[in-house]
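With TSV, C-alpha atoms inside, this is query.tsv:
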chain	number	residue	atom	x	y	z
A	199	MET	CA	-1.71	-10.75	61.28
A	200	SER	CA	0.34	-11.17	58.13
A	201	GLN	CA	-0.82	-10.57	54.57
A	202	ALA	CA	-0.57	-14.29	53.96
A	203	ASP	CA	-2.98	-14.94	56.87
A	204	LEU	CA	-5.48	-12.43	55.46
A	205	THR	CA	-5.32	-14.17	52.14
A	206	MET	CA	-5.92	-17.54	53.78
A	207	GLU	CA	-8.94	-16.14	55.66
A	208	GLY	CA	-10.89	-15.20	52.53
A	209	HIS	CA	-9.19	-12.18	51.08
A	210	PRO	CA	-7.91	-13.54	47.76
A	211	ALA	CA	-4.81	-12.09	46.25
A	212	ALA	CA	-5.16	-10.12	43.01
A	213	ALA	CA	-5.66	-12.40	40.00
A	214	PRO	CA	-2.79	-12.40	37.53
A	215	MET	CA	-3.35	-10.42	34.31
A	216	SER	CA	-4.36	-12.54	31.37
A	217	GLY	CA	-2.10	-10.69	28.93
A	218	PRO	CA	-0.28	-7.45	28.20
A	219	ILE	CA	-2.45	-4.34	28.24
A	220	PHE	CA	-1.12	-3.13	24.90
A	221	SER	CA	-1.01	-6.51	23.19
A	222	ILE	CA	-1.10	-6.59	19.36
A	223	PRO	CA	-2.19	-9.64	17.36
A	224	SER	CA	0.81	-11.34	15.85
A	225	LYS	CA	-0.45	-11.01	12.26
A	226	LYS	CA	-1.04	-7.29	12.61
A	227	PHE	CA	2.33	-6.84	14.32
A	228	ALA	CA	4.06	-8.67	11.48
A	229	MET	CA	2.31	-6.47	8.92
A	230	TRP	CA	3.39	-3.31	10.75
A	231	LEU	CA	6.98	-4.56	10.76
A	232	PHE	CA	6.74	-5.23	7.02
A	233	ILE	CA	5.29	-1.76	6.39
A	234	ILE	CA	8.08	-0.11	8.38
A	235	ALA	CA	10.74	-2.04	6.46
A	236	ASP	CA	9.05	-1.33	3.13
A	237	THR	CA	8.80	2.35	3.99
A	238	MET	CA	12.57	2.42	4.30
A	239	THR	CA	12.87	0.80	0.86
A	240	PHE	CA	10.62	3.32	-0.84
A	241	SER	CA	12.25	6.19	1.04
A	242	ALA	CA	15.68	5.10	-0.22
A	243	CYS	CA	14.40	4.84	-3.80
A	244	LEU	CA	12.75	8.26	-3.71
A	245	PHE	CA	15.82	9.81	-2.10
A	246	ALA	CA	18.05	8.33	-4.80
A	247	TYR	CA	15.62	9.59	-7.44
A	248	GLY	CA	15.77	13.12	-6.02
A	249	PHE	CA	19.58	12.98	-5.91
A	250	LEU	CA	19.78	11.91	-9.55
A	251	ARG	CA	17.26	14.50	-10.65
A	252	ASN	CA	19.06	17.37	-8.97
A	253	GLY	CA	22.44	16.24	-10.32
A	254	ALA	CA	21.39	15.84	-13.97
A	255	PRO	CA	21.40	19.06	-16.03
A	256	ASN	CA	19.21	17.58	-18.79
A	257	TRP	CA	16.59	15.74	-16.74
A	258	PRO	CA	13.64	14.89	-19.04
A	259	ARG	CA	10.13	16.31	-18.60
A	260	PRO	CA	8.12	13.87	-20.70
A	261	PHE	CA	4.65	14.39	-19.19
A	262	HIS	CA	2.41	16.85	-21.02
A	263	SER	CA	-0.70	16.36	-18.91
A	264	ILE	CA	-1.74	15.19	-15.46
A	265	THR	CA	-4.99	13.66	-16.71
A	266	ASN	CA	-3.83	10.04	-16.63
A	267	VAL	CA	-2.05	10.27	-13.29
A	268	ALA	CA	-5.06	12.13	-11.85
A	269	ILE	CA	-7.38	9.31	-12.92
A	270	MET	CA	-4.98	6.72	-11.49
A	271	THR	CA	-4.76	8.65	-8.21
A	272	PHE	CA	-8.54	8.97	-7.97
A	273	ILE	CA	-8.95	5.23	-8.53
A	274	LEU	CA	-6.38	4.36	-5.88
A	275	LEU	CA	-7.86	6.78	-3.33
A	276	THR	CA	-11.33	5.38	-4.04
A	277	SER	CA	-9.99	1.87	-3.48
A	278	SER	CA	-8.71	2.95	-0.08
A	279	LEU	CA	-12.24	4.09	0.80
A	280	THR	CA	-13.82	0.83	-0.41
A	281	MET	CA	-11.23	-1.11	1.61
A	282	LEU	CA	-12.18	0.86	4.71
A	283	ILE	CA	-15.86	0.06	4.13
A	284	GLY	CA	-14.98	-3.62	3.75
A	285	VAL	CA	-12.98	-3.66	6.99
A	286	ARG	CA	-15.81	-1.97	8.91
A	287	ALA	CA	-18.36	-4.40	7.49
A	288	SER	CA	-16.22	-7.35	8.53
A	289	ARG	CA	-15.92	-5.92	12.04
A	290	ALA	CA	-19.70	-5.59	12.15
A	291	GLY	CA	-20.08	-9.24	11.13
A	292	ASP	CA	-21.67	-8.41	7.76
A	293	LYS	CA	-19.81	-10.98	5.68
A	294	PRO	CA	-21.60	-10.47	2.32
A	295	LYS	CA	-21.08	-6.69	2.44
A	296	ALA	CA	-17.45	-7.07	3.50
A	297	PHE	CA	-16.74	-9.53	0.70
A	298	LEU	CA	-18.42	-7.26	-1.86
A	299	TRP	CA	-16.31	-4.24	-0.97
A	300	ILE	CA	-13.11	-6.26	-0.84
A	301	MET	CA	-13.79	-7.45	-4.38
A	302	VAL	CA	-14.56	-3.87	-5.48
A	303	THR	CA	-11.21	-2.83	-4.02
A	304	ALA	CA	-9.46	-5.61	-5.96
A	305	VAL	CA	-11.17	-4.53	-9.21
A	306	LEU	CA	-10.07	-0.93	-8.68
A	307	GLY	CA	-6.53	-2.18	-8.10
A	308	ILE	CA	-6.66	-4.07	-11.40
A	309	VAL	CA	-7.89	-0.97	-13.23
A	310	PHE	CA	-5.06	1.06	-11.70
A	311	ALA	CA	-2.51	-1.54	-12.81
A	312	LEU	CA	-3.89	-1.60	-16.37
A	313	LEU	CA	-3.75	2.20	-16.63
A	314	HIS	CA	-0.19	2.11	-15.35
A	315	ILE	CA	0.86	-0.50	-17.89
A	316	ARG	CA	-0.82	1.51	-20.66
A	317	GLU	CA	1.21	4.53	-19.59
A	318	TRP	CA	4.40	2.45	-19.72
A	319	MET	CA	3.54	1.26	-23.21
A	320	GLY	CA	3.00	4.85	-24.34
A	321	LEU	CA	6.39	5.96	-23.00
A	322	ILE	CA	8.12	2.92	-24.50
A	323	GLY	CA	6.42	3.73	-27.80
A	324	GLU	CA	7.97	7.20	-27.66
A	325	GLY	CA	11.43	5.64	-27.38
A	326	MET	CA	11.93	5.47	-23.61
A	327	THR	CA	13.72	2.46	-22.12
A	328	MET	CA	15.58	1.71	-18.91
A	329	PHE	CA	18.78	3.28	-20.32
A	330	LYS	CA	17.78	5.85	-22.95
A	331	ASN	CA	15.10	8.24	-24.07
A	332	PRO	CA	14.78	10.99	-26.69
A	333	TRP	CA	14.48	13.84	-24.17
A	334	GLY	CA	17.62	13.82	-22.02
A	335	THR	CA	19.63	11.69	-19.62
A	336	GLY	CA	18.98	7.97	-19.75
A	337	LEU	CA	18.95	7.84	-15.96
A	338	PHE	CA	15.35	9.00	-16.05
A	339	GLY	CA	14.13	5.72	-17.51
A	340	SER	CA	15.98	3.68	-14.92
A	341	ALA	CA	14.64	5.78	-12.06
A	342	PHE	CA	11.09	5.99	-13.42
A	343	PHE	CA	10.65	2.30	-14.18
A	344	SER	CA	12.33	1.27	-10.92
A	345	ILE	CA	10.11	3.38	-8.66
A	346	THR	CA	6.82	2.96	-10.51
A	347	GLY	CA	7.62	-0.71	-11.15
A	348	LEU	CA	8.22	-1.31	-7.45
A	349	HIS	CA	4.93	0.36	-6.61
A	350	LEU	CA	3.08	-1.52	-9.34
A	351	THR	CA	4.47	-4.79	-7.99
A	352	HIS	CA	3.02	-3.90	-4.59
A	353	VAL	CA	-0.35	-3.10	-6.16
A	354	VAL	CA	-0.47	-6.42	-8.04
A	355	SER	CA	0.59	-8.28	-4.89
A	356	GLY	CA	-2.12	-6.44	-2.98
A	357	VAL	CA	-4.76	-7.43	-5.52
A	358	ILE	CA	-3.73	-11.08	-5.25
A	359	ALA	CA	-3.85	-10.84	-1.45
A	360	LEU	CA	-7.29	-9.21	-1.56
A	361	LEU	CA	-8.68	-11.96	-3.77
A	362	ALA	CA	-7.14	-14.75	-1.70
A	363	VAL	CA	-8.10	-13.34	1.69
A	364	GLY	CA	-11.55	-12.28	0.49
A	365	LEU	CA	-12.40	-15.72	-0.88
A	366	ARG	CA	-11.16	-17.47	2.24
A	367	TYR	CA	-13.03	-14.99	4.42
A	368	ARG	CA	-16.26	-15.79	2.57
A	369	THR	CA	-15.77	-19.51	3.20
A	370	GLY	CA	-15.05	-18.94	6.89
A	371	ARG	CA	-11.35	-19.79	6.86
A	372	TYR	CA	-10.36	-16.19	7.62
A	373	ASN	CA	-11.95	-13.64	9.95
A	374	ALA	CA	-12.20	-9.87	10.37
A	375	ASP	CA	-8.64	-9.66	11.71
A	376	ASP	CA	-7.29	-10.99	8.41
A	377	ILE	CA	-9.32	-8.41	6.51
A	378	GLU	CA	-7.89	-5.67	8.69
A	379	VAL	CA	-4.32	-6.88	8.11
A	380	VAL	CA	-4.64	-6.88	4.32
A	381	GLY	CA	-6.35	-3.49	4.65
A	382	LEU	CA	-3.28	-2.08	6.38
A	383	TYR	CA	-1.15	-3.20	3.44
A	384	TRP	CA	-3.52	-1.66	0.90
A	385	HIS	CA	-3.62	1.69	2.69
A	386	PHE	CA	0.18	1.66	2.77
A	387	VAL	CA	0.31	1.14	-1.00
A	388	ASP	CA	-2.05	4.09	-1.47
A	389	LEU	CA	0.02	6.29	0.83
A	390	VAL	CA	3.23	5.55	-1.06
A	391	TRP	CA	1.56	6.65	-4.30
A	392	MET	CA	0.91	10.07	-2.73
A	393	PHE	CA	4.69	10.55	-2.58
A	394	VAL	CA	5.38	9.10	-6.03
A	395	VAL	CA	2.96	11.44	-7.82
A	396	PRO	CA	4.53	14.80	-6.94
A	397	LEU	CA	8.15	13.63	-7.19
A	398	VAL	CA	7.95	11.52	-10.32
A	399	TYR	CA	5.08	13.09	-12.24
A	400	LEU	CA	4.26	16.66	-11.20
A	401	LEU	CA	7.89	17.80	-11.09
A	402	ASN	CA	8.40	16.40	-14.58
A	403	LEU	CA	5.52	18.12	-16.36
A	404	ASN	CA	6.52	19.68	-19.68
A	405	HIS	CA	5.15	23.18	-19.15

What do you get writing this file as structure tokens?
Amino acid sequence: MSQADLTMEGHPAAAPMSGPIFSIPSKKFAMWLFIIADTMTFSACLFAYGFLRNGAPNWPRPFHSITNVAIMTFILLTSSLTMLIGVRASRAGDKPKAFLWIMVTAVLGIVFALLHIREWMGLIGEGMTMFKNPWGTGLFGSAFFSITGLHLTHVVSGVIALLAVGLRYRTGRYNADDIEVVGLYWHFVDLVWMFVVPLVYLLNLNH
């Protein structure tokens, strides 16, 4: 008796799979693609910064303390923790708790941005611009403002995304998947800062 006959006599063929085993939601997949592309951008900027720094004999060391950058780093790392709490709360279906921690994350991002802008104003007040400074090669200003400005732009964009997604999540227009996607972006921003700090700040301390 053929396999077809067995099937006809009550032995159903295996049901087709409903989807790929390792399927990834399209929004999360798109965010991962963005993160990969953005990683290449930051990598290129940091590589160029290192090349310029090693090639300049009079590279400035304008930072006299790590206090400000330490506070900024602590705030950003704390925001990554609050984002994680918000994502877990959304997965558990606790909408008020998730919304609260998303807003806390956004506030921490705003504080980080304000501290960063204050630092910029201090350096500008000391005579540093994109093309000159009183300590050495003018390339430092271009490299510093380009890298930190790119990161700050990502932080501000992340804060806007957190506010928009959080508010829509509270009204039911977005779900836990959307919170997770914006969380991936925020963790990426925090991770990039961990590379910016040693290369741009710690190596340029005025001992």

(request) State, in Å with one decimal place, the distance from atom CA of A:Val390 to atom CA of A:Met270. (result) 13.3 Å

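Proximity of A:Ala235, A:Cys243, A:Ile264, A:Met281 to A:Asn402, computed with only C-alpha atoms, is greatest for A:Ile264.
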
Neighbouring residues of A:Leu401 were defined as those with any atom within 8 Å, considering all atoms listed in the file; residues of the same chain fewer than 4 positions away were excluded. Please report them as an mmCIF file with C-alpha atoms, in the frame of the given file.
data_model
loop_
_atom_site.group_PDB
_atom_site.id
_atom_site.type_symbol
_atom_site.label_atom_id
_atom_site.label_comp_id
_atom_site.auth_asym_id
_atom_site.auth_seq_id
_atom_site.Cartn_x
_atom_site.Cartn_y
_atom_site.Cartn_z
ATOM 1 C CA ARG A 259 10.130 16.310 -18.600
ATOM 2 C CA PRO A 396 4.530 14.800 -6.940
ATOM 3 C CA LEU A 397 8.150 13.630 -7.190
#

(request) Would you work out the distance separating atom CA of A:Val305 from atom CA of A:Ala359, expressed in Å to one decimal? (result)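 Pair atom CA of A:Val305 / atom CA of A:Ala359 returns 12.4 Å.
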
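Taking atom CA of A:His349 and atom CA of A:Ser278 as the two end points, the separation is 15.3 Å.
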
(message) Between A:Gly334, A:Gly381, A:Gly347, A:Pro294, which residue has the minimum interatomic distance to A:Leu365, considering all atoms listed in the file?
(response) A:Pro294

(message) Considering all atoms listed in the file, can you say which of A:Ala268, A:Val395, A:Leu337, A:Leu382 comes closest to A:Phe227?
(response)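 For A:Phe227, the nearest of the candidates is A:Leu382.
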
(request) Considering all atoms listed in the file, return as a PyMOL selection string whatever protein or nucleic-acid residues lie within 12 Å of A:Ile269, sequence-local ones (same chain, fewer than 5 positions apart) excluded. (result) chain A and resi 263-264+274-276+306+309-314+317+395

(request) Mind checking which residues fall within 9 Å of A:Thr327, counting only C-alpha atoms, ignoring those fewer than 4 positions away in the same chain, and posting them as a PyMOL selection string? (result) chain A and resi 321-322+331+336+339-340+343

For the residues in the current selection, export C-alpha atoms as a PDB file, keeping the file's coordinate frame.
ATOM      1  CA  LEU A 321       6.390   5.960 -23.000  1.00  0.00           C
ATOM      2  CA  ILE A 322       8.120   2.920 -24.500  1.00  0.00           C
ATOM      3  CA  ASN A 331      15.100   8.240 -24.070  1.00  0.00           C
ATOM      4  CA  GLY A 336      18.980   7.970 -19.750  1.00  0.00           C
ATOM      5  CA  GLY A 339      14.130   5.720 -17.510  1.00  0.00           C
ATOM      6  CA  SER A 340      15.980   3.680 -14.920  1.00  0.00           C
ATOM      7  CA  PHE A 343      10.650   2.300 -14.180  1.00  0.00           C
TER       8      PHE A 343
END

(request) Name the closest residue to A:Ile308 among the candidates A:Phe338, A:Phe261, A:Val357, A:Leu348; distances are taken between atoms, counting all atoms listed in the file. (result)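 Using all atoms listed in the file, the shortest distance to A:Ile308 belongs to A:Val357.
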
(request) Quick one: everything within 10 Å of A:Ile283, counting all atoms listed in the file, minus sequence neighbours fewer than 2 positions away in the same chain. Send it as a PyMOL selection string. (result) chain A and resi 277-281+285-289+295-296+298-300+303

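Of the residues listed (A:Ala304, A:Val379, A:Leu400, A:Leu350), A:Leu400 shows the shortest atom-to-atom separation from A:Asn266; distances use all atoms listed in the file.
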
(message) Let me make sure I understand: among A:Phe297, A:Phe245, A:Phe232, A:Phe272, which one has the smallest atom-to-atom distance to A:Asp388 if we use all atoms listed in the file?
(response) A:Phe272
